[in-house]
file query_19.cif (mmCIF, C-alpha atoms)
data_entry
loop_
_atom_site.label_atom_id
_atom_site.label_comp_id
_atom_site.auth_asym_id
_atom_site.auth_seq_id
_atom_site.Cartn_x
_atom_site.Cartn_y
_atom_site.Cartn_z
CA MET A 170 0.00 0.00 0.00
CA THR A 171 1.43 3.34 -1.00
CA SER A 172 1.80 6.11 1.53
CA SER A 173 -0.94 8.24 -0.16
CA LYS A 174 -3.47 5.38 -0.03
CA ALA A 175 -2.52 4.73 3.58
CA CYS A 176 -3.22 8.37 4.42
CA VAL A 177 -6.69 8.18 2.81
CA VAL A 178 -7.56 5.04 4.78
CA VAL A 179 -6.40 6.61 8.04
CA LEU A 180 -8.40 9.79 7.30
CA LEU A 181 -11.60 7.86 6.53
CA THR A 182 -11.15 5.81 9.69
CA LEU A 183 -10.77 8.93 11.81
CA LEU A 184 -13.89 10.51 10.26
CA SER A 185 -15.87 7.36 10.94
CA LEU A 186 -14.72 7.30 14.55
CA ALA A 187 -15.59 10.98 14.97
CA VAL A 188 -19.17 10.40 13.83
CA THR A 189 -19.47 7.29 16.02
CA CYS A 190 -18.10 9.03 19.12
CA ALA A 191 -20.35 12.04 18.65
CA GLY A 192 -23.34 9.72 18.99
CA PRO A 193 -26.65 9.85 17.14
CA GLN A 194 -28.06 12.62 19.35
CA SER A 195 -25.21 15.08 18.73
CA TYR A 196 -25.13 14.06 15.09
CA ARG A 197 -28.83 14.77 14.65
CA SER A 198 -28.78 18.01 16.64
CA ALA A 199 -26.37 19.41 14.06
CA ARG A 200 -29.05 18.97 11.37
CA ASN A 201 -31.17 21.77 12.92
CA GLY A 202 -29.47 24.47 10.82
CA TRP A 203 -27.85 24.65 7.43
CA ASP A 204 -24.08 24.20 7.49
CA HIS A 205 -21.99 23.10 4.51
CA GLU A 206 -20.05 20.71 6.74
CA TYR A 207 -23.12 18.48 6.92
CA GLY A 208 -24.17 18.88 3.29
CA PRO A 209 -22.73 15.62 1.95
CA LEU A 210 -24.61 13.67 4.61
CA VAL A 211 -28.03 14.83 3.35
CA PRO A 212 -29.68 12.19 1.16
CA HIS A 213 -29.76 13.42 -2.44
CA GLU A 214 -31.32 10.33 -4.01
CA THR A 215 -34.57 12.14 -4.81
CA PHE A 216 -32.96 15.47 -5.71
CA PRO A 217 -32.83 16.64 -9.35
CA ALA A 218 -29.83 15.39 -11.30
CA ASP A 219 -28.96 18.93 -12.37
CA CYS A 220 -26.70 20.06 -9.51
CA SER A 221 -26.47 23.58 -10.94
CA ILE A 222 -30.03 24.23 -9.81
CA CYS A 223 -28.75 24.73 -6.28
CA HIS A 224 -24.94 24.83 -6.35
CA VAL A 225 -22.51 27.33 -7.90
CA SER A 226 -19.79 25.99 -10.13
CA GLU A 227 -16.97 27.71 -8.26
CA SER A 228 -17.57 25.89 -4.96
CA TRP A 229 -19.50 22.73 -4.33
CA GLU A 230 -20.21 23.84 -0.76
CA GLN A 231 -21.86 27.15 -1.73
CA LEU A 232 -25.49 27.50 -2.80
CA LYS A 233 -26.65 29.99 -5.38
CA THR A 234 -27.80 33.33 -3.95
CA ASN A 235 -30.68 33.44 -6.41
CA PHE A 236 -31.65 29.85 -5.72
CA SER A 237 -35.44 29.44 -5.85
CA PHE A 238 -37.65 26.42 -5.67
CA ASP A 239 -41.42 26.37 -6.07
CA HIS A 240 -42.07 24.25 -3.03
CA ALA A 241 -45.84 24.36 -3.35
CA GLN A 242 -45.88 23.22 -6.96
CA GLU A 243 -43.16 20.62 -6.62
CA THR A 244 -44.16 19.11 -3.28
CA ALA A 245 -47.79 20.19 -2.72
CA PHE A 246 -46.62 21.67 0.62
CA PRO A 247 -46.49 25.48 0.44
CA LEU A 248 -43.97 27.21 2.68
CA ARG A 249 -45.48 30.23 4.39
CA ALA A 250 -44.24 32.74 6.97
CA ALA A 251 -41.72 31.15 9.36
CA HIS A 252 -41.68 27.91 7.37
CA LYS A 253 -40.55 29.87 4.34
CA LYS A 254 -37.52 31.17 6.24
CA ALA A 255 -36.49 27.82 7.69
CA ALA A 256 -33.28 26.17 6.44
CA CYS A 257 -33.87 23.26 4.12
CA LEU A 258 -32.15 20.84 6.50
CA ARG A 259 -34.77 21.52 9.20
CA CYS A 260 -36.99 19.14 7.21
CA HIS A 261 -34.72 17.58 4.59
CA ASN A 262 -32.23 15.73 6.79
CA ASP A 263 -31.20 12.21 7.62
CA PHE A 264 -34.14 11.53 9.97
CA GLY A 265 -36.03 9.78 7.21
CA PRO A 266 -38.37 10.54 4.31
CA VAL A 267 -40.09 13.92 4.60
CA LYS A 268 -43.43 12.39 3.61
CA THR A 269 -43.33 10.30 6.77
CA PHE A 270 -43.27 13.43 8.91
CA THR A 271 -45.67 15.56 6.86
CA ALA A 272 -48.24 12.79 7.15
CA ARG A 273 -48.27 13.40 10.91
CA GLY A 274 -49.12 17.07 10.49
CA CYS A 275 -47.63 19.54 12.98
CA ALA A 276 -46.56 16.70 15.25
CA GLY A 277 -44.22 15.47 12.54
CA CYS A 278 -41.79 18.27 13.36
CA HIS A 279 -43.08 19.90 16.53
CA THR A 280 -43.03 17.93 19.77
CA ASP A 281 -46.27 18.50 21.70
CA PRO A 282 -45.27 20.26 24.98
CA HIS A 283 -48.85 19.89 26.22
CA GLU A 284 -48.70 16.09 26.30
CA ALA A 285 -51.91 15.77 24.25
CA GLN A 286 -53.87 17.68 26.92
CA LEU A 287 -55.05 20.27 24.39
CA GLY A 288 -55.65 18.03 21.39
CA LYS A 289 -53.62 17.47 18.24
CA THR A 290 -54.73 20.54 16.30
CA CYS A 291 -51.85 22.95 16.88
CA THR A 292 -53.42 25.54 14.57
CA GLN A 293 -56.12 26.08 17.17
CA CYS A 294 -53.63 28.25 19.09
CA HIS A 295 -50.54 28.55 16.87
CA ASN A 296 -49.96 29.88 13.36
CA GLU A 297 -47.12 29.74 10.87
CA SER A 298 -45.90 33.27 11.60
CA THR A 299 -44.80 32.60 15.16
CA TRP A 300 -44.91 29.71 17.58
CA ARG A 301 -46.28 32.06 20.24
CA PRO A 302 -49.92 31.06 20.81
CA GLN A 303 -52.62 33.28 19.34
CA GLY A 304 -56.33 33.70 20.03
CA LEU A 305 -56.20 32.27 23.55
CA ILE A 306 -58.55 34.95 24.85
CA ALA A 307 -61.25 33.87 22.40
CA GLU A 308 -60.60 30.22 23.21
CA HIS A 309 -60.82 30.91 26.92
CA ALA A 310 -64.14 32.71 26.40
CA ARG A 311 -65.64 29.33 25.58
CA SER A 312 -64.42 27.91 28.87
CA ARG A 313 -65.93 28.25 32.34
CA PHE A 314 -63.63 31.19 33.11
CA PRO A 315 -63.51 33.90 30.38
CA LEU A 316 -60.41 36.08 30.57
CA VAL A 317 -61.54 39.69 30.92
CA GLY A 318 -59.82 42.78 32.31
CA SER A 319 -56.54 42.16 34.08
CA HIS A 320 -56.98 38.39 33.81
CA ALA A 321 -56.32 38.66 30.07
CA SER A 322 -52.69 39.67 30.64
CA VAL A 323 -51.80 37.13 33.32
CA ALA A 324 -49.32 34.41 32.39
CA CYS A 325 -50.98 31.02 31.96
CA ALA A 326 -48.80 29.44 34.64
CA ARG A 327 -50.19 31.81 37.29
CA CYS A 328 -53.44 29.84 37.27
CA HIS A 329 -52.40 26.64 35.51
CA GLU A 330 -49.71 25.50 37.91
CA ARG A 331 -48.93 22.39 35.84
CA ALA A 332 -48.54 24.35 32.61
CA SER A 333 -44.80 23.55 32.47
CA THR A 334 -45.69 19.88 32.15
CA GLY A 335 -48.30 20.56 29.48
CA ASP A 336 -51.28 20.09 31.80
CA TYR A 337 -53.80 22.94 31.50
CA SER A 338 -56.72 21.08 33.02
CA ARG A 339 -58.46 21.42 36.38
CA ALA A 340 -57.42 25.03 37.05
CA PRO A 341 -59.55 26.52 39.88
CA VAL A 342 -61.99 29.32 39.06
CA GLU A 343 -62.70 30.48 42.62
CA CYS A 344 -61.31 33.96 43.46
CA ALA A 345 -59.75 32.73 46.70
CA ALA A 346 -57.58 30.24 44.82
CA CYS A 347 -55.46 33.15 43.57
CA HIS A 348 -56.46 36.12 45.72
CA ARG A 349 -56.74 34.81 49.27
CA GLU A 350 -53.45 36.49 50.26
CA ASP A 351 -54.72 39.80 48.84
CA ALA A 352 -57.88 39.53 50.95
CA VAL A 353 -55.90 38.72 54.10
CA ALA A 354 -53.56 41.67 53.51
CA ALA A 355 -56.34 44.20 52.88
CA THR A 356 -56.06 47.13 55.32
CA ALA A 357 -58.83 49.55 54.30
CA ILE A 358 -61.37 47.02 55.58
CA ASP A 359 -60.51 43.99 57.70
CA HIS A 360 -61.48 41.20 55.31
CA VAL A 361 -60.59 38.49 57.81
CA ALA A 362 -62.78 39.93 60.59
CA ASN A 363 -65.65 40.25 58.14
CA ASN A 364 -65.07 36.77 56.72
CA TRP A 365 -64.55 38.21 53.25
CA LEU A 366 -61.97 35.70 52.01
CA ALA A 367 -64.02 34.32 49.13
CA SER A 368 -66.32 35.57 46.39
CA CYS A 369 -64.17 38.63 45.72
CA ASN A 370 -66.39 39.49 42.73
CA ARG A 371 -69.06 40.78 45.12
CA CYS A 372 -67.07 44.02 45.40
CA HIS A 373 -64.10 43.80 43.03
CA TYR A 374 -63.93 43.90 39.25
CA PRO A 375 -61.39 42.08 37.05
CA THR A 376 -60.25 45.37 35.50
CA ALA A 377 -58.40 46.48 38.66
CA TRP A 378 -58.02 45.28 42.24
CA ALA A 379 -58.37 48.84 43.58
CA GLY A 380 -61.66 50.75 43.53
CA ALA A 381 -63.91 47.98 44.82
CA SER A 382 -67.61 48.73 44.57
CA PHE A 383 -70.33 46.82 46.37
CA ARG A 384 -73.80 46.79 44.81
CA HIS A 385 -75.58 48.97 47.36
CA ASP A 386 -78.91 49.02 45.50
CA PHE A 387 -80.99 48.79 48.67
CA PHE A 388 -79.53 52.18 49.75
CA PRO A 389 -78.08 54.06 46.75
CA LEU A 390 -74.73 55.64 47.55
CA SER A 391 -75.17 58.94 45.75
CA GLY A 392 -73.83 62.40 46.43
CA GLY A 393 -72.24 62.67 49.87
CA HIS A 394 -73.00 59.02 50.53
CA ALA A 395 -70.66 57.91 47.71
CA ILE A 396 -67.81 57.07 50.08
CA GLN A 397 -65.20 54.37 49.54
CA ASP A 398 -64.61 53.42 53.16
CA CYS A 399 -67.55 51.24 54.24
CA SER A 400 -66.44 51.44 57.87
CA GLN A 401 -67.50 55.12 58.05
CA CYS A 402 -71.08 53.92 58.31
CA HIS A 403 -70.80 50.25 59.20
CA GLY A 404 -67.93 50.35 61.68
CA PRO A 405 -64.75 48.24 61.57
CA THR A 406 -66.59 44.93 61.26
CA ILE A 407 -69.03 46.19 58.60
CA GLY A 408 -72.01 45.17 60.69
CA PRO A 409 -75.66 45.85 59.79
CA ILE A 410 -76.97 49.35 60.47
CA SER A 411 -80.29 51.18 60.34
CA ARG A 412 -81.27 52.89 57.12
CA ALA A 413 -82.71 55.84 59.08
CA CYS A 414 -80.75 59.05 58.51
CA ILE A 415 -80.61 59.84 62.19
CA SER A 416 -78.59 56.67 62.85
CA CYS A 417 -75.58 58.35 61.22
CA HIS A 418 -76.51 62.04 61.43
CA ARG A 419 -77.67 62.51 65.03
CA ASP A 420 -74.70 64.75 65.84
CA ASP A 421 -75.50 66.85 62.76
CA TYR A 422 -79.11 67.08 63.86
CA ASN A 423 -78.26 68.07 67.42
CA GLY A 424 -75.74 70.67 66.29
CA ALA A 425 -78.00 72.34 63.72
CA PRO A 426 -79.84 75.58 64.67
CA ASN A 427 -83.43 75.10 65.88
CA HIS A 428 -83.56 71.37 65.15
CA VAL A 429 -83.82 70.28 68.76
CA SER A 430 -85.57 73.39 70.11
CA SER A 431 -88.11 73.37 67.30
CA ASN A 432 -88.58 69.62 67.51
CA PHE A 433 -87.77 69.17 63.85
CA PRO A 434 -88.61 65.74 62.45
CA GLN A 435 -85.71 63.30 62.42
CA GLN A 436 -86.44 62.17 58.89
CA CYS A 437 -83.55 64.23 57.49
CA GLU A 438 -84.57 63.53 53.89
CA GLN A 439 -87.61 65.78 54.31
CA CYS A 440 -85.33 68.82 54.11
CA HIS A 441 -81.87 67.59 53.12
CA ASN A 442 -80.53 65.74 50.09
CA THR A 443 -77.46 63.58 49.57
CA THR A 444 -75.62 66.19 47.52
CA THR A 445 -74.83 68.50 50.43
CA TRP A 446 -75.90 68.91 54.05
CA GLU A 447 -76.13 72.68 53.61
CA GLY A 448 -78.98 74.51 51.93
CA ALA A 449 -81.78 72.32 53.22
CA VAL A 450 -85.10 72.91 51.52
CA PHE A 451 -88.34 71.92 53.25
CA ASN A 452 -91.47 71.48 51.17
CA HIS A 453 -93.49 73.92 53.23
CA ARG A 454 -97.23 73.76 52.77
CA PHE A 455 -97.31 77.53 53.19
CA PRO A 456 -95.24 79.34 50.54
CA LEU A 457 -92.39 81.09 52.31
CA VAL A 458 -92.10 84.05 49.96
CA GLY A 459 -91.94 87.77 50.50
CA ASN A 460 -92.45 88.76 54.13
CA HIS A 461 -93.09 85.14 55.02
CA ASN A 462 -89.48 84.12 54.36
CA LEU A 463 -88.73 84.04 58.07
CA ASP A 464 -86.92 81.97 60.64
CA CYS A 465 -88.99 78.97 61.63
CA ALA A 466 -89.21 80.02 65.30
CA GLN A 467 -90.97 83.29 64.45
CA CYS A 468 -94.09 81.44 63.42
CA HIS A 469 -93.68 78.14 65.23
CA ILE A 470 -93.83 79.53 68.73
CA GLY A 471 -92.36 77.32 71.42
CA GLY A 472 -90.20 75.33 68.99
CA ASP A 473 -92.91 72.89 67.99
CA THR A 474 -93.25 72.76 64.22
CA ARG A 475 -96.65 71.18 64.58
CA THR A 476 -98.12 74.46 65.88
CA PHE A 477 -97.84 77.96 64.48
CA SER A 478 -99.18 81.47 65.01
CA CYS A 479 -100.38 83.89 62.37
CA ILE A 480 -101.69 86.62 64.66
CA ASN A 481 -98.33 86.91 66.38
CA CYS A 482 -97.04 88.72 63.30
CA HIS A 483 -100.27 90.08 61.86
CA GLU A 484 -101.12 92.53 64.67
CA HIS A 485 -104.83 93.00 64.21
CA ARG A 486 -107.10 94.16 66.94
CA ARG A 487 -109.60 91.40 67.48
CA SER A 488 -112.53 93.78 67.24
CA GLU A 489 -111.47 94.90 63.80
CA THR A 490 -110.81 91.36 62.64
CA ASP A 491 -114.21 90.25 63.97
CA ASP A 492 -115.92 93.08 62.05
CA GLU A 493 -114.10 92.08 58.84
CA HIS A 494 -115.28 88.49 59.20
CA ASP A 495 -118.78 88.94 60.56
CA ASP A 496 -120.22 87.42 57.37
CA VAL A 497 -117.82 84.45 57.31
CA ARG A 498 -119.41 81.23 58.53
CA GLY A 499 -117.37 79.39 61.11
CA TYR A 500 -115.01 82.31 61.68
CA THR A 501 -112.93 82.24 64.85
CA TYR A 502 -110.08 84.46 65.94
CA ALA A 503 -107.32 81.80 65.80
CA SER A 504 -104.23 81.11 63.69
CA ALA A 505 -105.57 77.77 62.50
CA ALA A 506 -108.70 79.51 61.19
CA CYS A 507 -106.58 82.12 59.41
CA TYR A 508 -104.60 79.42 57.64
CA GLN A 509 -107.75 77.56 56.65
CA CYS A 510 -109.00 80.53 54.64
CA HIS A 511 -105.67 82.13 53.74
CA PRO A 512 -103.39 79.16 52.94
CA THR A 513 -101.08 81.35 50.82
CA GLY A 514 -101.06 84.30 53.20
CA ARG A 515 -103.09 86.43 50.82
CA ASP A 516 -106.45 88.16 51.38
#
call {"tool": "encode", "arguments": {"input": "query_19.cif", "output": "structure tokens"}}
result
Amino acid sequence: MTSSKACVVVLLTLLSLAVTCAGPQSYRSARNGWDHEYGPLVPHETFPADCSICHVSESWEQLKTNFSFDHAQETAFPLRAAHKKAACLRCHNDFGPVKTFTARGCAGCHTDPHEAQLGKTCTQCHNESTWRPQGLIAEHARSRFPLVGSHASVACARCHERASTGDYSRAPVECAACHREDAVAATAIDHVANNWLASCNRCHYPTAWAGASFRHDFFPLSGGHAIQDCSQCHGPTIGPISRACISCHRDDYNGAPNHVSSNFPQQCEQCHNTTTWEGAVFNHRFPLVGNHNLDCAQCHIGGDTRTFSCINCHEHRRSETDDEHDDVRGYTYASAACYQCHPTGRD
């Protein structure tokens, strides 16, 4: 054997050993991208006989820059989006015939990380542009827990704890499963003392954790009653309270001019509204206009709003008043009689 032949044999032996030592896993991992070092190992049995279709004449290891191949027409498998940019060896390698893998659909090339928990139709969530899942919000809307508000931006693994293993089943839908710690840590209202550790949706919305709003339909919280701190009315344990105004506004009632002395009714809503405590307006049966726009005590002598005096202000001598009313049936010289005939204060 000549020295040149001996060198060739030694070289081939070393190459064979290198492939063997690298092992099938390392050998196959190298097929993931195009590299001219692995070109000769790609099966060319089914390739066109005209090598110049792909290769340049100057170097066997270099492909033509203007190389084009109508994949859809020649193989009936159109390459779109990310598939169009993939190196040929990602599919055309030494793993076996391409038809074997294409027959399996997406699973032919893409290992299912969900372990068949979500079905075999990858296109339900993925597309050819990016492997990142798409349309999950719409898919979730058909489940028992639609993703709305802030829930739409939460990572899947926050609720699906076994997501890393491909298991997206049996995720809890109860608020407390994710938000119990938030309820325990709440400081504005003691959620623990009030046993508010579940059913967060009674007060909170999925758009934001702050700004909770309880449906207070039985007592509309309008105007000055539109407060955020429930404890202002209900106390620290948010216990039941009376709906009567005086239950919260007794100090206001006692401190207001004439309310106690005039024995004003304690139904505050008769004069006040929820917009402001000031500027109370009482629907007086007697129009308080002109000279009658007086302080209550000037007519309601003794502080009792149930009684009033007309003749205290209208200083008529009884004899003159009697003469003026001598033809009036049932006339008496009394304030109640005056009001009966002169309900507007006019003659």
call {"tool": "closest_residue", "arguments": {"input": "query_19.cif", "among": "A:Thr334, A:Asn481, A:Ser368, A:Thr290", "to": "Ala352 of chain A", "atoms": "only C-alpha atoms"}}
result
A:Ser368
call {"tool": "resolve_selection", "arguments": {"input": "query_19.cif", "expression": "the PyMOL selection byres ((chain A and resi 292) around 12)", "output": "PyMOL selection string"}}
result
chain A and resi 274-276+279+287-291+293-305
call {"tool": "atom_distance", "arguments": {"input": "query_19.cif", "atom1": "atom CA of Asn423 of chain A", "atom2": "atom CA of Thr445 of chain A"}}
result
17.3 Å
call {"tool": "resolve_selection", "arguments": {"input": "query_19.cif", "expression": "the PyMOL selection byres ((chain A and resi 453-460) around 12)", "output": "ChimeraX atom specification"}}
result
/A:439-440,449-452,461-465,467-468,474,477,479,482-483,508-509,511-515
call {"tool": "atom_distance", "arguments": {"input": "query_19.cif", "atom1": "atom CA of Val323 of chain A", "atom2": "atom CA of Gly335 of chain A"}}
result
17.4 Å
call {"tool": "closest_residue", "arguments": {"input": "query_19.cif", "among": "A:Asn427, A:Thr443, A:Thr501, A:Asn364", "to": "Ala466 of chain A", "atoms": "all atoms listed in the file"}}
result
A:Asn427
call {"tool": "residues_around", "arguments": {"input": "query_19.cif", "residues": "segment 396-407 of chain A", "least_positions_apart": "4", "cutoff": "10 Å", "atoms": "only C-alpha atoms", "output": "list in words"}}
result
Ala357, Ile358, Asp359, His360, Val361, Ala362, Asn363, Asn364, Gly380, Ala381, Ser382, Phe383, Leu390, Ser391, Gly392, Ser411, Ser416 and Cys417 of chain A
call {"tool": "residues_around", "arguments": {"input": "query_19.cif", "residues": "segment 314-321 of chain A", "least_positions_apart": "5", "cutoff": "9 Å", "atoms": "all atoms listed in the file", "output": "PyMOL selection string"}}
result
chain A and resi 306-309+342+374-378
call {"tool": "atom_distance", "arguments": {"input": "query_19.cif", "atom1": "atom CA of Leu366 of chain A", "atom2": "atom CA of Glu350 of chain A"}}
result
8.7 Å
call {"tool": "residues_around", "arguments": {"input": "query_19.cif", "residues": "Ala332 of chain A", "least_positions_apart": "4", "cutoff": "12 Å", "atoms": "only C-alpha atoms", "output": "number ranges by chain"}}
result
A: 282-284, 286-287, 324-328, 336-340
call {"tool": "write_last_selection", "arguments": {"input": "query_19.cif", "atoms": "C-alpha atoms", "output": "mmCIF file, keeping the file's coordinate frame"}}
result
data_model
loop_
_atom_site.group_PDB
_atom_site.id
_atom_site.type_symbol
_atom_site.label_atom_id
_atom_site.label_comp_id
_atom_site.auth_asym_id
_atom_site.auth_seq_id
_atom_site.Cartn_x
_atom_site.Cartn_y
_atom_site.Cartn_z
ATOM 1 C CA PRO A 282 -45.270 20.260 24.980
ATOM 2 C CA HIS A 283 -48.850 19.890 26.220
ATOM 3 C CA GLU A 284 -48.700 16.090 26.300
ATOM 4 C CA GLN A 286 -53.870 17.680 26.920
ATOM 5 C CA LEU A 287 -55.050 20.270 24.390
ATOM 6 C CA ALA A 324 -49.320 34.410 32.390
ATOM 7 C CA CYS A 325 -50.980 31.020 31.960
ATOM 8 C CA ALA A 326 -48.800 29.440 34.640
ATOM 9 C CA ARG A 327 -50.190 31.810 37.290
ATOM 10 C CA CYS A 328 -53.440 29.840 37.270
ATOM 11 C CA ASP A 336 -51.280 20.090 31.800
ATOM 12 C CA TYR A 337 -53.800 22.940 31.500
ATOM 13 C CA SER A 338 -56.720 21.080 33.020
ATOM 14 C CA ARG A 339 -58.460 21.420 36.380
ATOM 15 C CA ALA A 340 -57.420 25.030 37.050
#
call {"tool": "resolve_selection", "arguments": {"input": "query_19.cif", "expression": "the PyMOL selection byres ((chain A and resi 252) around 12)", "output": "PDB file with C-alpha atoms, in the coordinates of the input"}}
result
ATOM      1  CA  HIS A 240     -42.070  24.250  -3.030  1.00  0.00           C
ATOM      2  CA  PHE A 246     -46.620  21.670   0.620  1.00  0.00           C
ATOM      3  CA  PRO A 247     -46.490  25.480   0.440  1.00  0.00           C
ATOM      4  CA  LEU A 248     -43.970  27.210   2.680  1.00  0.00           C
ATOM      5  CA  ARG A 249     -45.480  30.230   4.390  1.00  0.00           C
ATOM      6  CA  ALA A 250     -44.240  32.740   6.970  1.00  0.00           C
ATOM      7  CA  ALA A 251     -41.720  31.150   9.360  1.00  0.00           C
ATOM      8  CA  LYS A 253     -40.550  29.870   4.340  1.00  0.00           C
ATOM      9  CA  LYS A 254     -37.520  31.170   6.240  1.00  0.00           C
ATOM     10  CA  ALA A 255     -36.490  27.820   7.690  1.00  0.00           C
ATOM     11  CA  ALA A 256     -33.280  26.170   6.440  1.00  0.00           C
ATOM     12  CA  CYS A 257     -33.870  23.260   4.120  1.00  0.00           C
ATOM     13  CA  LEU A 258     -32.150  20.840   6.500  1.00  0.00           C
ATOM     14  CA  ARG A 259     -34.770  21.520   9.200  1.00  0.00           C
ATOM     15  CA  CYS A 260     -36.990  19.140   7.210  1.00  0.00           C
ATOM     16  CA  CYS A 275     -47.630  19.540  12.980  1.00  0.00           C
ATOM     17  CA  CYS A 278     -41.790  18.270  13.360  1.00  0.00           C
ATOM     18  CA  ASN A 296     -49.960  29.880  13.360  1.00  0.00           C
ATOM     19  CA  GLU A 297     -47.120  29.740  10.870  1.00  0.00           C
ATOM     20  CA  SER A 298     -45.900  33.270  11.600  1.00  0.00           C
ATOM     21  CA  THR A 299     -44.800  32.600  15.160  1.00  0.00           C
ATOM     22  CA  TRP A 300     -44.910  29.710  17.580  1.00  0.00           C
TER      23      TRP A 300
END
call {"tool": "axis_aligned_box", "arguments": {"input": "query_19.cif", "around": "segment 435-448 of chain A", "padding_each_side": "5 Å", "output": "AutoDock Vina command-line options"}}
result
--center_x -81.2 --center_y 68.3 --center_z 55.0 --size_x 22.8 --size_y 22.3 --size_z 24.9
